[in-house]
>>> print(open('work07.pdb').read())   # PDB, C-alpha atoms
ATOM      1  CA  MET A   1     -24.093 -18.622 -42.443
ATOM      2  CA  SER A   2     -22.612 -21.264 -40.174
ATOM      3  CA  LYS A   3     -24.658 -22.378 -37.229
ATOM      4  CA  ARG A   4     -23.235 -21.594 -33.833
ATOM      5  CA  LYS A   5     -23.068 -24.312 -31.210
ATOM      6  CA  PRO A   6     -25.572 -23.739 -28.421
ATOM      7  CA  TYR A   7     -24.028 -22.237 -25.308
ATOM      8  CA  THR A   8     -23.856 -24.871 -22.587
ATOM      9  CA  GLY A   9     -22.518 -22.664 -19.845
ATOM     10  CA  GLU A  10     -19.435 -24.847 -19.421
ATOM     11  CA  SER A  11     -16.156 -23.035 -19.733
ATOM     12  CA  LYS A  12     -13.488 -24.550 -21.947
ATOM     13  CA  ARG A  13     -10.850 -22.066 -20.962
ATOM     14  CA  LYS A  14      -7.672 -23.283 -19.360
ATOM     15  CA  PRO A  15      -6.209 -20.300 -17.562
ATOM     16  CA  TYR A  16      -2.480 -20.255 -16.954
ATOM     17  CA  THR A  17      -1.691 -20.400 -13.275
ATOM     18  CA  ARG A  18       1.666 -18.977 -12.391
ATOM     19  CA  LYS A  19       3.668 -21.011  -9.906
ATOM     20  CA  LEU A  20       5.508 -19.302  -7.090
ATOM     21  CA  PRO A  21       8.588 -21.292  -6.053
ATOM     22  CA  LEU A  22       9.716 -20.968  -2.437
ATOM     23  CA  ASN A  23      12.831 -19.055  -3.460
ATOM     24  CA  TRP A  24      10.918 -16.505  -5.564
ATOM     25  CA  TRP A  25      12.321 -13.647  -3.521
ATOM     26  CA  LEU A  26      15.931 -14.624  -4.217
ATOM     27  CA  LYS A  27      15.576 -14.454  -7.988
ATOM     28  CA  GLN A  28      15.199 -10.721  -8.264
ATOM     29  CA  ILE A  29      17.058  -8.120  -6.165
ATOM     30  CA  PHE A  30      13.896  -5.977  -5.879
ATOM     31  CA  TYR A  31      12.038  -8.856  -4.192
ATOM     32  CA  THR A  32      15.034  -9.633  -1.966
ATOM     33  CA  LYS A  33      15.142  -6.051  -0.713
ATOM     34  CA  TYR A  34      11.392  -6.225  -0.073
ATOM     35  CA  MET A  35      11.778  -9.388   2.008
ATOM     36  CA  ILE A  36      14.639  -7.831   4.015
ATOM     37  CA  ARG A  37      12.484  -4.730   4.586
ATOM     38  CA  GLU A  38       9.638  -6.908   5.892
ATOM     39  CA  GLY A  39      12.103  -9.014   7.911
ATOM     40  CA  THR A  40      13.473  -5.961   9.716
ATOM     41  CA  SER A  41      10.256  -5.841  11.745
ATOM     42  CA  VAL A  42      11.387  -9.006  13.564
ATOM     43  CA  TRP A  43      14.561  -7.228  14.727
ATOM     44  CA  ILE A  44      12.641  -4.130  15.738
ATOM     45  CA  THR A  45      10.245  -6.327  17.767
ATOM     46  CA  LEU A  46      13.266  -7.881  19.465
ATOM     47  CA  TYR A  47      14.623  -4.432  20.335
ATOM     48  CA  SER A  48      11.244  -3.353  21.757
ATOM     49  CA  LEU A  49      11.145  -6.516  23.896
ATOM     50  CA  ILE A  50      14.622  -5.776  25.280
ATOM     51  CA  LEU A  51      13.499  -2.226  26.155
ATOM     52  CA  ALA A  52      10.273  -3.528  27.727
ATOM     53  CA  TRP A  53      12.356  -5.985  29.726
ATOM     54  CA  GLY A  54      14.376  -3.017  31.035
ATOM     55  CA  VAL A  55      11.196  -1.260  32.188
ATOM     56  CA  LEU A  56      10.122  -4.440  33.982
ATOM     57  CA  ARG A  57      13.537  -4.674  35.692
ATOM     58  CA  LEU A  58      13.256  -0.998  36.706
ATOM     59  CA  SER A  59       9.995  -1.766  38.505
ATOM     60  CA  GLN A  60      11.812  -4.505  40.453
ATOM     61  CA  GLY A  61      14.267  -2.069  42.033
ATOM     62  CA  GLU A  62      17.709  -0.556  41.569
ATOM     63  CA  GLU A  63      19.658  -3.815  41.760
ATOM     64  CA  ALA A  64      17.576  -5.504  39.088
ATOM     65  CA  PHE A  65      17.852  -2.488  36.785
ATOM     66  CA  ASN A  66      21.633  -2.303  37.212
ATOM     67  CA  ALA A  67      21.881  -6.001  36.367
ATOM     68  CA  TRP A  68      19.933  -5.305  33.155
ATOM     69  CA  LEU A  69      22.295  -2.394  32.332
ATOM     70  CA  ALA A  70      25.306  -4.640  32.953
ATOM     71  CA  ALA A  71      23.854  -7.346  30.700
ATOM     72  CA  LEU A  72      23.554  -4.773  27.879
ATOM     73  CA  GLN A  73      27.322  -4.172  28.038
ATOM     74  CA  SER A  74      28.226  -7.747  27.149
ATOM     75  CA  PRO A  75      29.810  -8.189  23.675
ATOM     76  CA  VAL A  76      26.841 -10.286  22.506
ATOM     77  CA  ALA A  77      24.414  -7.505  23.470
ATOM     78  CA  ILE A  78      26.542  -4.882  21.717
ATOM     79  CA  ILE A  79      26.758  -6.895  18.485
ATOM     80  CA  LEU A  80      23.014  -7.593  18.674
ATOM     81  CA  HIS A  81      22.270  -3.889  19.110
ATOM     82  CA  LEU A  82      24.521  -2.957  16.190
ATOM     83  CA  LEU A  83      22.638  -5.470  14.018
ATOM     84  CA  MET A  84      19.316  -4.071  15.191
ATOM     85  CA  LEU A  85      20.512  -0.540  14.408
ATOM     86  CA  ILE A  86      21.491  -1.542  10.856
ATOM     87  CA  PHE A  87      18.115  -3.202  10.261
ATOM     88  CA  ALA A  88      16.231  -0.281  11.810
ATOM     89  CA  LEU A  89      18.078   2.118   9.493
ATOM     90  CA  PHE A  90      17.340  -0.084   6.472
ATOM     91  CA  HIS A  91      13.675  -0.113   7.488
ATOM     92  CA  THR A  92      13.629   3.670   7.918
ATOM     93  CA  ILE A  93      15.384   4.490   4.645
ATOM     94  CA  THR A  94      13.299   2.102   2.539
ATOM     95  CA  TRP A  95      10.016   3.228   4.101
ATOM     96  CA  PHE A  96      10.871   6.911   3.704
ATOM     97  CA  SER A  97      11.597   6.334   0.025
ATOM     98  CA  LEU A  98       8.179   4.662  -0.347
ATOM     99  CA  ALA A  99       6.326   7.346   1.616
ATOM    100  CA  PRO A 100       5.396   9.502  -1.437
ATOM    101  CA  LYS A 101       3.292   6.629  -2.799
ATOM    102  CA  ALA A 102       0.973   6.757   0.192
ATOM    103  CA  ALA A 103       0.836  10.559   0.289
ATOM    104  CA  ASP A 104      -1.781  12.254  -1.828
ATOM    105  CA  LEU A 105      -0.903  15.904  -1.329
ATOM    106  CA  TRP A 106      -2.032  18.541  -3.796
ATOM    107  CA  ILE A 107      -1.166  22.215  -3.600
ATOM    108  CA  LYS A 108      -2.838  24.613  -6.043
ATOM    109  CA  GLY A 109      -3.843  21.781  -8.400
ATOM    110  CA  ARG A 110      -0.360  20.292  -8.513
ATOM    111  CA  LYS A 111       0.853  17.123  -6.831
ATOM    112  CA  VAL A 112       3.556  17.755  -4.234
ATOM    113  CA  GLU A 113       6.875  16.421  -5.568
ATOM    114  CA  ASP A 114       8.132  13.103  -4.201
ATOM    115  CA  LYS A 115      11.478  14.458  -3.045
ATOM    116  CA  ILE A 116       9.773  17.125  -0.913
ATOM    117  CA  ILE A 117       7.735  14.445   0.897
ATOM    118  CA  VAL A 118      10.843  12.290   1.460
ATOM    119  CA  ALA A 119      12.839  15.321   2.673
ATOM    120  CA  ALA A 120      10.018  16.226   5.097
ATOM    121  CA  HIS A 121      10.195  12.719   6.554
ATOM    122  CA  TYR A 122      13.954  12.993   7.099
ATOM    123  CA  GLY A 123      13.452  16.453   8.621
ATOM    124  CA  ALA A 124      10.871  15.100  11.079
ATOM    125  CA  PHE A 125      13.156  12.131  11.832
ATOM    126  CA  VAL A 126      16.088  14.426  12.719
ATOM    127  CA  ALA A 127      13.860  16.749  14.793
ATOM    128  CA  VAL A 128      12.374  13.872  16.829
ATOM    129  CA  THR A 129      15.842  12.325  17.343
ATOM    130  CA  ILE A 130      17.258  15.620  18.669
ATOM    131  CA  PHE A 131      14.167  16.095  20.858
ATOM    132  CA  CYS A 132      14.596  12.611  22.399
ATOM    133  CA  LEU A 133      18.332  13.184  22.852
ATOM    134  CA  VAL A 134      17.660  16.454  24.709
ATOM    135  CA  ILE A 135      15.139  14.723  27.010
ATOM    136  CA  VAL A 136      17.614  11.935  27.834
ATOM    137  CA  ILE A 137      20.537  14.319  28.460
ATOM    138  CA  LEU A 138      18.649  16.896  30.588
TER     139      LEU A 138
ATOM    140  CA  MET B   1     -13.123 -14.753 -10.156
ATOM    141  CA  THR B   2     -11.392 -14.186 -13.463
ATOM    142  CA  PHE B   3      -9.764 -10.920 -14.414
ATOM    143  CA  ILE B   4     -12.777  -9.938 -16.524
ATOM    144  CA  GLU B   5     -15.189 -10.711 -13.683
ATOM    145  CA  LYS B   6     -13.103  -8.623 -11.306
ATOM    146  CA  LEU B   7     -13.093  -5.841 -13.875
ATOM    147  CA  GLU B   8     -16.912  -5.932 -14.002
ATOM    148  CA  GLU B   9     -17.230  -6.080 -10.231
ATOM    149  CA  ILE B  10     -15.534  -2.717  -9.611
ATOM    150  CA  LYS B  11     -17.993  -0.968 -11.965
ATOM    151  CA  PRO B  12     -15.361   0.694 -14.158
ATOM    152  CA  TYR B  13     -17.632   3.436 -15.434
ATOM    153  CA  ILE B  14     -18.926   6.737 -14.144
ATOM    154  CA  ILE B  15     -21.904   6.193 -11.861
ATOM    155  CA  PRO B  16     -24.028   9.346 -12.054
ATOM    156  CA  GLU B  17     -25.615  11.128  -9.124
ATOM    157  CA  GLU B  18     -29.091  10.061  -8.001
ATOM    158  CA  ASN B  19     -30.926  12.648 -10.089
ATOM    159  CA  PRO B  20     -28.644  13.199 -13.089
ATOM    160  CA  LYS B  21     -29.179  16.416 -14.953
ATOM    161  CA  CYS B  22     -31.042  16.492 -18.268
ATOM    162  CA  LEU B  23     -29.163  16.297 -21.557
ATOM    163  CA  GLU B  24     -30.378  19.777 -22.442
ATOM    164  CA  ASP B  25     -28.672  21.125 -19.327
ATOM    165  CA  GLY B  26     -25.341  20.295 -20.909
ATOM    166  CA  ALA B  27     -22.390  18.127 -20.066
ATOM    167  CA  TYR B  28     -20.778  17.700 -16.655
ATOM    168  CA  LYS B  29     -17.792  20.002 -16.566
ATOM    169  CA  GLN B  30     -14.425  19.170 -15.129
ATOM    170  CA  THR B  31     -11.489  21.459 -14.459
ATOM    171  CA  PRO B  32      -7.920  20.449 -15.442
ATOM    172  CA  GLU B  33      -7.141  20.185 -11.699
ATOM    173  CA  GLN B  34     -10.032  17.751 -11.167
ATOM    174  CA  MET B  35      -8.814  15.701 -14.128
ATOM    175  CA  ALA B  36      -5.194  15.643 -12.926
ATOM    176  CA  ILE B  37      -6.354  13.869  -9.755
ATOM    177  CA  TYR B  38      -7.287  10.675 -11.651
ATOM    178  CA  LYS B  39      -5.684  10.933 -15.117
ATOM    179  CA  GLN B  40      -2.608   8.832 -14.317
ATOM    180  CA  TYR B  41      -4.788   5.900 -13.216
ATOM    181  CA  SER B  42      -6.829   6.023 -16.418
ATOM    182  CA  MET B  43      -3.806   5.195 -18.589
ATOM    183  CA  CYS B  44      -3.918   1.426 -17.912
ATOM    184  CA  ILE B  45      -3.898  -0.772 -21.046
ATOM    185  CA  ASN B  46      -4.691  -4.042 -19.196
ATOM    186  CA  CYS B  47      -1.369  -5.577 -20.240
ATOM    187  CA  GLY B  48      -1.176  -7.576 -17.009
ATOM    188  CA  LEU B  49       2.501  -6.917 -16.312
ATOM    189  CA  CYS B  50       1.663  -5.752 -12.780
ATOM    190  CA  TYR B  51      -0.092  -9.077 -12.149
ATOM    191  CA  ALA B  52       3.006 -10.947 -13.320
ATOM    192  CA  ALA B  53       5.143  -8.798 -11.002
ATOM    193  CA  CYS B  54       2.932  -9.197  -7.927
ATOM    194  CA  PRO B  55       3.924 -12.060  -5.576
ATOM    195  CA  GLN B  56       0.788 -11.451  -3.502
ATOM    196  CA  TYR B  57      -1.358 -12.185  -6.552
ATOM    197  CA  ALA B  58       0.697 -15.322  -7.258
ATOM    198  CA  LEU B  59      -0.039 -16.503  -3.705
ATOM    199  CA  ASP B  60      -3.731 -15.638  -3.738
ATOM    200  CA  LYS B  61      -5.746 -15.439  -6.949
ATOM    201  CA  LYS B  62      -8.698 -13.969  -5.025
ATOM    202  CA  PHE B  63      -6.737 -10.723  -4.604
ATOM    203  CA  MET B  64      -8.179  -8.092  -6.946
ATOM    204  CA  GLY B  65      -4.674  -7.129  -8.000
ATOM    205  CA  PRO B  66      -2.868  -3.931  -9.022
ATOM    206  CA  ALA B  67      -4.500  -2.954 -12.340
ATOM    207  CA  ILE B  68      -8.085  -3.480 -11.136
ATOM    208  CA  LEU B  69      -7.489  -1.469  -7.965
ATOM    209  CA  ALA B  70      -5.777   1.323  -9.911
ATOM    210  CA  LEU B  71      -8.796   1.458 -12.230
ATOM    211  CA  LEU B  72     -11.100   1.489  -9.218
ATOM    212  CA  ALA B  73      -9.110   4.460  -7.871
ATOM    213  CA  ARG B  74      -9.472   6.154 -11.269
ATOM    214  CA  TYR B  75     -13.291   6.180 -10.966
ATOM    215  CA  ASN B  76     -13.377   6.918  -7.229
ATOM    216  CA  ARG B  77     -11.212   9.989  -7.820
ATOM    217  CA  ASP B  78     -13.342  11.307 -10.685
ATOM    218  CA  SER B  79     -15.331  14.407  -9.705
ATOM    219  CA  ARG B  80     -18.274  13.303 -11.908
ATOM    220  CA  ASP B  81     -18.571   9.907 -10.238
ATOM    221  CA  HIS B  82     -20.897   9.045  -7.344
ATOM    222  CA  GLY B  83     -20.139   5.331  -6.933
ATOM    223  CA  LYS B  84     -17.436   5.636  -4.282
ATOM    224  CA  ALA B  85     -19.510   4.131  -1.451
ATOM    225  CA  GLU B  86     -20.329   1.057  -3.588
ATOM    226  CA  ARG B  87     -16.712   0.526  -4.591
ATOM    227  CA  MET B  88     -15.378   0.996  -1.051
ATOM    228  CA  LYS B  89     -17.135  -2.283  -0.128
ATOM    229  CA  ILE B  90     -14.684  -4.038  -2.467
ATOM    230  CA  VAL B  91     -11.707  -1.915  -1.396
ATOM    231  CA  ASN B  92     -12.244  -2.669   2.309
ATOM    232  CA  GLN B  93     -11.984  -6.445   1.930
ATOM    233  CA  GLU B  94      -8.932  -8.645   2.346
ATOM    234  CA  GLU B  95      -9.276  -9.365  -1.393
ATOM    235  CA  GLY B  96      -9.331  -5.597  -1.900
ATOM    236  CA  VAL B  97      -6.470  -3.328  -0.889
ATOM    237  CA  TRP B  98      -5.610  -5.271   2.280
ATOM    238  CA  GLY B  99      -4.264  -8.190   0.266
ATOM    239  CA  CYS B 100      -1.456  -5.861  -0.820
ATOM    240  CA  THR B 101       1.763  -5.905   1.220
ATOM    241  CA  PHE B 102       3.358  -3.028  -0.715
ATOM    242  CA  VAL B 103       6.021  -4.945  -2.595
ATOM    243  CA  GLY B 104       5.849  -2.081  -5.090
ATOM    244  CA  TYR B 105       7.135  -3.957  -8.150
ATOM    245  CA  CYS B 106       3.857  -3.397 -10.044
ATOM    246  CA  SER B 107       4.715   0.295 -10.412
ATOM    247  CA  VAL B 108       8.247  -0.492 -11.590
ATOM    248  CA  VAL B 109       7.109  -2.764 -14.436
ATOM    249  CA  CYS B 110       4.152  -0.595 -15.554
ATOM    250  CA  PRO B 111       4.808   0.576 -19.137
ATOM    251  CA  LYS B 112       2.296   3.437 -18.824
ATOM    252  CA  ASP B 113       3.444   4.904 -15.472
ATOM    253  CA  VAL B 114       0.066   4.198 -13.920
ATOM    254  CA  ASP B 115       1.691   3.539 -10.518
ATOM    255  CA  PRO B 116      -0.787   0.968  -9.132
ATOM    256  CA  ALA B 117       1.180   0.746  -5.855
ATOM    257  CA  ALA B 118       0.434   4.418  -5.164
ATOM    258  CA  ALA B 119      -3.250   3.926  -6.037
ATOM    259  CA  ILE B 120      -3.500   1.004  -3.610
ATOM    260  CA  GLN B 121      -1.643   2.697  -0.727
ATOM    261  CA  GLN B 122      -3.893   5.743  -1.077
ATOM    262  CA  LEU B 123      -6.948   3.465  -1.160
ATOM    263  CA  LYS B 124      -5.676   1.915   2.084
ATOM    264  CA  VAL B 125      -5.774   5.416   3.608
ATOM    265  CA  GLU B 126      -9.342   5.825   2.258
ATOM    266  CA  SER B 127     -10.304   2.398   3.613
ATOM    267  CA  SER B 128      -8.945   3.264   7.071
ATOM    268  CA  LYS B 129     -10.899   6.540   7.027
ATOM    269  CA  ASP B 130     -14.005   4.593   5.958
ATOM    270  CA  TYR B 131     -13.509   2.226   8.908
ATOM    271  CA  MET B 132     -13.009   5.037  11.429
ATOM    272  CA  ILE B 133     -16.063   6.945  10.194
ATOM    273  CA  GLY B 134     -18.071   3.685  10.277
ATOM    274  CA  MET B 135     -17.179   3.256  13.955
ATOM    275  CA  PHE B 136     -18.756   6.590  14.899
ATOM    276  CA  LYS B 137     -21.425   6.839  12.245
ATOM    277  CA  PRO B 138     -22.722   3.370  11.390
ATOM    278  CA  ASP B 139     -25.057   3.188   8.399
TER     279      ASP B 139
END
>>> encode(input="work07.pdb", output="structure tokens")
Amino acid sequence: MSKRKPYTGESKRKPYTRKLPLNWWLKQIFYTKYMIREGTSVWITLYSLILAWGVLRLSQGEEAFNAWLAALQSPVAIILHLLMLIFALFHTITWFSLAPKAADLWIKGRKVEDKIIVAAHYGAFVAVTIFCLVIVIL
Amino acid sequence: MTFIEKLEEIKPYIIPEENPKCLEDGAYKQTPEQMAIYKQYSMCINCGLCYAACPQYALDKKFMGPAILALLARYNRDSRDHGKAERMKIVNQEEGVWGCTFVGYCSVVCPKDVDPAAAIQQLKVESSKDYMIGMFKPD
């Protein structure tokens, strides 16, 4: 029988450490979509700030609020809002498609199907949109 | 921590209740429904593809990573297990589920359909519940 070397406690292993180049998210469409999805939050923040600015202007009186409304009608503001709408929709669609992963719903010992969870999200989305629209119109 | 050390840390085995029943009382029974709740997460073969797919793991090696967290979920979801409180201490950390930003590629590359991304997102829900309960009922 060969004699084993005594264990010294020092590790001789050289683990492979994967490098992550700065453009890692451009090399694979899945990662690119993920980065866009995360990036949409910046645009949504911007939209919230514009809305908050409107509330602030409202508190300063009618003239200030009308000036804010007029500023929103400039071509730059319209293009910006269209961009924000596109990003908000991208955010919504991608998150709704991921929603089943976070849901752990079981009915009678069976997991609720993914498409039912996604459909429920779209249903709620439509209902809330109509509700808000009704409030604004009335 | 290496992968093996992380694997040990989550206690990937059934932790029995405080006073486990005697052998002569028979085995712990489990219904097919109780098994279905964790079975998917028990299919992991430790191939490491999810680690290769995870940019969060590439950025931070302290992150427990997809396979380990899916295995942790497998034991936490087992009706025979009583180690949930111990494992939640790992789950609740930044190196636990909160290091995950839900890229979701781990579940795409998994050859055994374990779906680690789902395990982690559901553990995030558990971790949030743990935090809320801890606020009102500190122990």
>>> residues_near_point(input="work07.pdb", point="(14.4, -2.1, 7.6)", cutoff="9 Å", atoms="only C-alpha atoms", output="list in words")
Ile36, Arg37, Glu38, Gly39, Thr40, Ser41, Trp43, Ile44, Ile86, Phe87, Ala88, Leu89, Phe90, His91, Thr92, Ile93, Thr94 and Trp95 of chain A
>>> write_last_selection(input="work07.pdb", atoms="C-alpha atoms", output="short mmCIF file (atom, residue, chain, number, x, y, z; two decimals), keeping the file's coordinate frame")
data_model
loop_
_atom_site.label_atom_id
_atom_site.label_comp_id
_atom_site.auth_asym_id
_atom_site.auth_seq_id
_atom_site.Cartn_x
_atom_site.Cartn_y
_atom_site.Cartn_z
CA ILE A 36 14.64 -7.83 4.01
CA ARG A 37 12.48 -4.73 4.59
CA GLU A 38 9.64 -6.91 5.89
CA GLY A 39 12.10 -9.01 7.91
CA THR A 40 13.47 -5.96 9.72
CA SER A 41 10.26 -5.84 11.74
CA TRP A 43 14.56 -7.23 14.73
CA ILE A 44 12.64 -4.13 15.74
CA ILE A 86 21.49 -1.54 10.86
CA PHE A 87 18.11 -3.20 10.26
CA ALA A 88 16.23 -0.28 11.81
CA LEU A 89 18.08 2.12 9.49
CA PHE A 90 17.34 -0.08 6.47
CA HIS A 91 13.68 -0.11 7.49
CA THR A 92 13.63 3.67 7.92
CA ILE A 93 15.38 4.49 4.64
CA THR A 94 13.30 2.10 2.54
CA TRP A 95 10.02 3.23 4.10
#
>>> atom_distance(input="work07.pdb", atom1="atom CA of B:Ala70", atom2="atom CA of B:Arg87")
12.2 Å
>>> interface_residues(input="work07.pdb", of="chain A", to="chain B", cutoff="6 Å", atoms="only C-alpha atoms", output="mmCIF file with C-alpha atoms, in the coordinates of the input")
data_model
loop_
_atom_site.group_PDB
_atom_site.id
_atom_site.type_symbol
_atom_site.label_atom_id
_atom_site.label_comp_id
_atom_site.auth_asym_id
_atom_site.auth_seq_id
_atom_site.Cartn_x
_atom_site.Cartn_y
_atom_site.Cartn_z
ATOM 1 C CA LYS A 101 3.292 6.629 -2.799
ATOM 2 C CA ALA A 102 0.973 6.757 0.192
ATOM 3 C CA GLY A 109 -3.843 21.781 -8.400
#
>>> atom_distance(input="work07.pdb", atom1="atom CA of B:Pro111", atom2="atom CA of B:Ile90")
26.1 Å
>>> atom_distance(input="work07.pdb", atom1="atom CA of A:Ile107", atom2="atom CA of B:Ala27")
27.2 Å
>>> resolve_selection(input="work07.pdb", expression="the PyMOL selection byres ((chain A and resi 111-122) around 9)", output="list of chain:residue names")
A:Ile93, A:Phe96, A:Ser97, A:Leu98, A:Ala99, A:Pro100, A:Lys101, A:Ala103, A:Asp104, A:Leu105, A:Trp106, A:Ile107, A:Lys108, A:Gly109, A:Arg110, A:Gly123, A:Ala124, A:Phe125, A:Val126, A:Ala127, B:Ala36, B:Ile37
>>> write_last_selection(input="work07.pdb", atoms="C-alpha atoms", output="PDB file, in the coordinates of the input")
ATOM      1  CA  ILE A  93      15.384   4.490   4.645  1.00  0.00           C
ATOM      2  CA  PHE A  96      10.871   6.911   3.704  1.00  0.00           C
ATOM      3  CA  SER A  97      11.597   6.334   0.025  1.00  0.00           C
ATOM      4  CA  LEU A  98       8.179   4.662  -0.347  1.00  0.00           C
ATOM      5  CA  ALA A  99       6.326   7.346   1.616  1.00  0.00           C
ATOM      6  CA  PRO A 100       5.396   9.502  -1.437  1.00  0.00           C
ATOM      7  CA  LYS A 101       3.292   6.629  -2.799  1.00  0.00           C
ATOM      8  CA  ALA A 103       0.836  10.559   0.289  1.00  0.00           C
ATOM      9  CA  ASP A 104      -1.781  12.254  -1.828  1.00  0.00           C
ATOM     10  CA  LEU A 105      -0.903  15.904  -1.329  1.00  0.00           C
ATOM     11  CA  TRP A 106      -2.032  18.541  -3.796  1.00  0.00           C
ATOM     12  CA  ILE A 107      -1.166  22.215  -3.600  1.00  0.00           C
ATOM     13  CA  LYS A 108      -2.838  24.613  -6.043  1.00  0.00           C
ATOM     14  CA  GLY A 109      -3.843  21.781  -8.400  1.00  0.00           C
ATOM     15  CA  ARG A 110      -0.360  20.292  -8.513  1.00  0.00           C
ATOM     16  CA  GLY A 123      13.452  16.453   8.621  1.00  0.00           C
ATOM     17  CA  ALA A 124      10.871  15.100  11.079  1.00  0.00           C
ATOM     18  CA  PHE A 125      13.156  12.131  11.832  1.00  0.00           C
ATOM     19  CA  VAL A 126      16.088  14.426  12.719  1.00  0.00           C
ATOM     20  CA  ALA A 127      13.860  16.749  14.793  1.00  0.00           C
TER      21      ALA A 127
ATOM     22  CA  ALA B  36      -5.194  15.643 -12.926  1.00  0.00           C
ATOM     23  CA  ILE B  37      -6.354  13.869  -9.755  1.00  0.00           C
TER      24      ILE B  37
END
>>> resolve_selection(input="work07.pdb", expression="the PyMOL selection byres ((chain A and resi 50) around 12)", output="PyMOL selection string")
chain A and resi 43-49+51-57+68-69+71-72+77+80-81+84
>>> closest_residue(input="work07.pdb", among="B:Gly83, B:Gly48, B:Gly65, B:Gly96", to="B:Glu18", atoms="only C-alpha atoms")
B:Gly83
>>> closest_residue(input="work07.pdb", among="B:Gln93, B:Asn46, B:Gln30, B:Asn19", to="B:Ile68", atoms="all atoms listed in the file")
B:Asn46
>>> closest_residue(input="work07.pdb", among="B:Tyr75, B:Leu7, B:Lys137, B:Cys106", to="A:Tyr31", atoms="only C-alpha atoms")
B:Cys106
>>> resolve_selection(input="work07.pdb", expression="the PyMOL selection byres ((chain B and resi 84) around 12)", output="ChimeraX atom specification")
/B:10-17,72-83,85-92,123,126-127,130
>>> axis_aligned_box(input="work07.pdb", around="stretch 77-85 of chain B", padding_each_side="8 Å", output="AutoDock Vina command-line options")
--center_x -16.1 --center_y 9.3 --center_z -6.7 --size_x 25.7 --size_y 26.3 --size_z 26.5
>>> closest_residue(input="work07.pdb", among="B:Leu49, B:Lys112, B:Cys100, B:Lys129", to="B:Phe63", atoms="only C-alpha atoms")
B:Cys100
>>> decode(input="work07.pdb", residues="stretch 2-49 of chain B", atoms="C-alpha atoms", output="CSV table (one decimal), in the first residue's frame")
chain,number,residue,atom,x,y,z
B,2,THR,CA,-16.6,27.2,-2.8
B,3,PHE,CA,-19.5,25.5,-4.3
B,4,ILE,CA,-19.1,22.5,-2.1
B,5,GLU,CA,-19.0,24.7,1.0
B,6,LYS,CA,-22.1,26.5,0.0
B,7,LEU,CA,-23.8,23.1,-0.6
B,8,GLU,CA,-22.9,22.1,2.9
B,9,GLU,CA,-24.0,25.4,4.4
B,10,ILE,CA,-27.7,25.1,3.2
B,11,LYS,CA,-28.0,21.7,5.0
B,12,PRO,CA,-29.2,19.8,1.9
B,13,TYR,CA,-30.9,17.0,3.9
B,14,ILE,CA,-34.1,16.5,5.8
B,15,ILE,CA,-33.9,18.0,9.3
B,16,PRO,CA,-36.3,16.0,11.5
B,17,GLU,CA,-38.6,17.5,14.0
B,18,GLU,CA,-37.4,18.1,17.6
B,19,ASN,CA,-38.7,14.7,18.9
B,20,PRO,CA,-38.6,12.5,15.8
B,21,LYS,CA,-40.8,9.4,16.0
B,22,CYS,CA,-39.4,6.0,16.8
B,23,LEU,CA,-38.4,3.6,13.9
B,24,GLU,CA,-41.0,1.2,15.1
B,25,ASP,CA,-43.7,3.8,14.5
B,26,GLY,CA,-43.0,3.6,10.8
B,27,ALA,CA,-41.9,6.0,8.1
B,28,TYR,CA,-43.0,9.6,7.6
B,29,LYS,CA,-45.7,9.5,5.0
B,30,GLN,CA,-46.0,12.0,2.2
B,31,THR,CA,-48.9,12.4,-0.2
B,32,PRO,CA,-48.3,12.9,-4.0
B,33,GLU,CA,-49.5,16.5,-3.6
B,34,GLN,CA,-46.9,17.2,-0.9
B,35,MET,CA,-44.3,15.6,-3.1
B,36,ALA,CA,-45.3,17.7,-6.2
B,37,ILE,CA,-44.6,20.9,-4.2
B,38,TYR,CA,-40.8,20.2,-4.2
B,39,LYS,CA,-40.1,17.4,-6.7
B,40,GLN,CA,-39.1,19.7,-9.6
B,41,TYR,CA,-36.3,21.3,-7.4
B,42,SER,CA,-35.0,17.9,-6.4
B,43,MET,CA,-34.0,17.1,-10.0
B,44,CYS,CA,-30.8,19.1,-10.0
B,45,ILE,CA,-27.7,17.2,-11.2
B,46,ASN,CA,-25.1,19.9,-10.1
B,47,CYS,CA,-24.0,20.4,-13.7
B,48,GLY,CA,-23.3,24.1,-13.0
B,49,LEU,CA,-24.9,25.4,-16.3
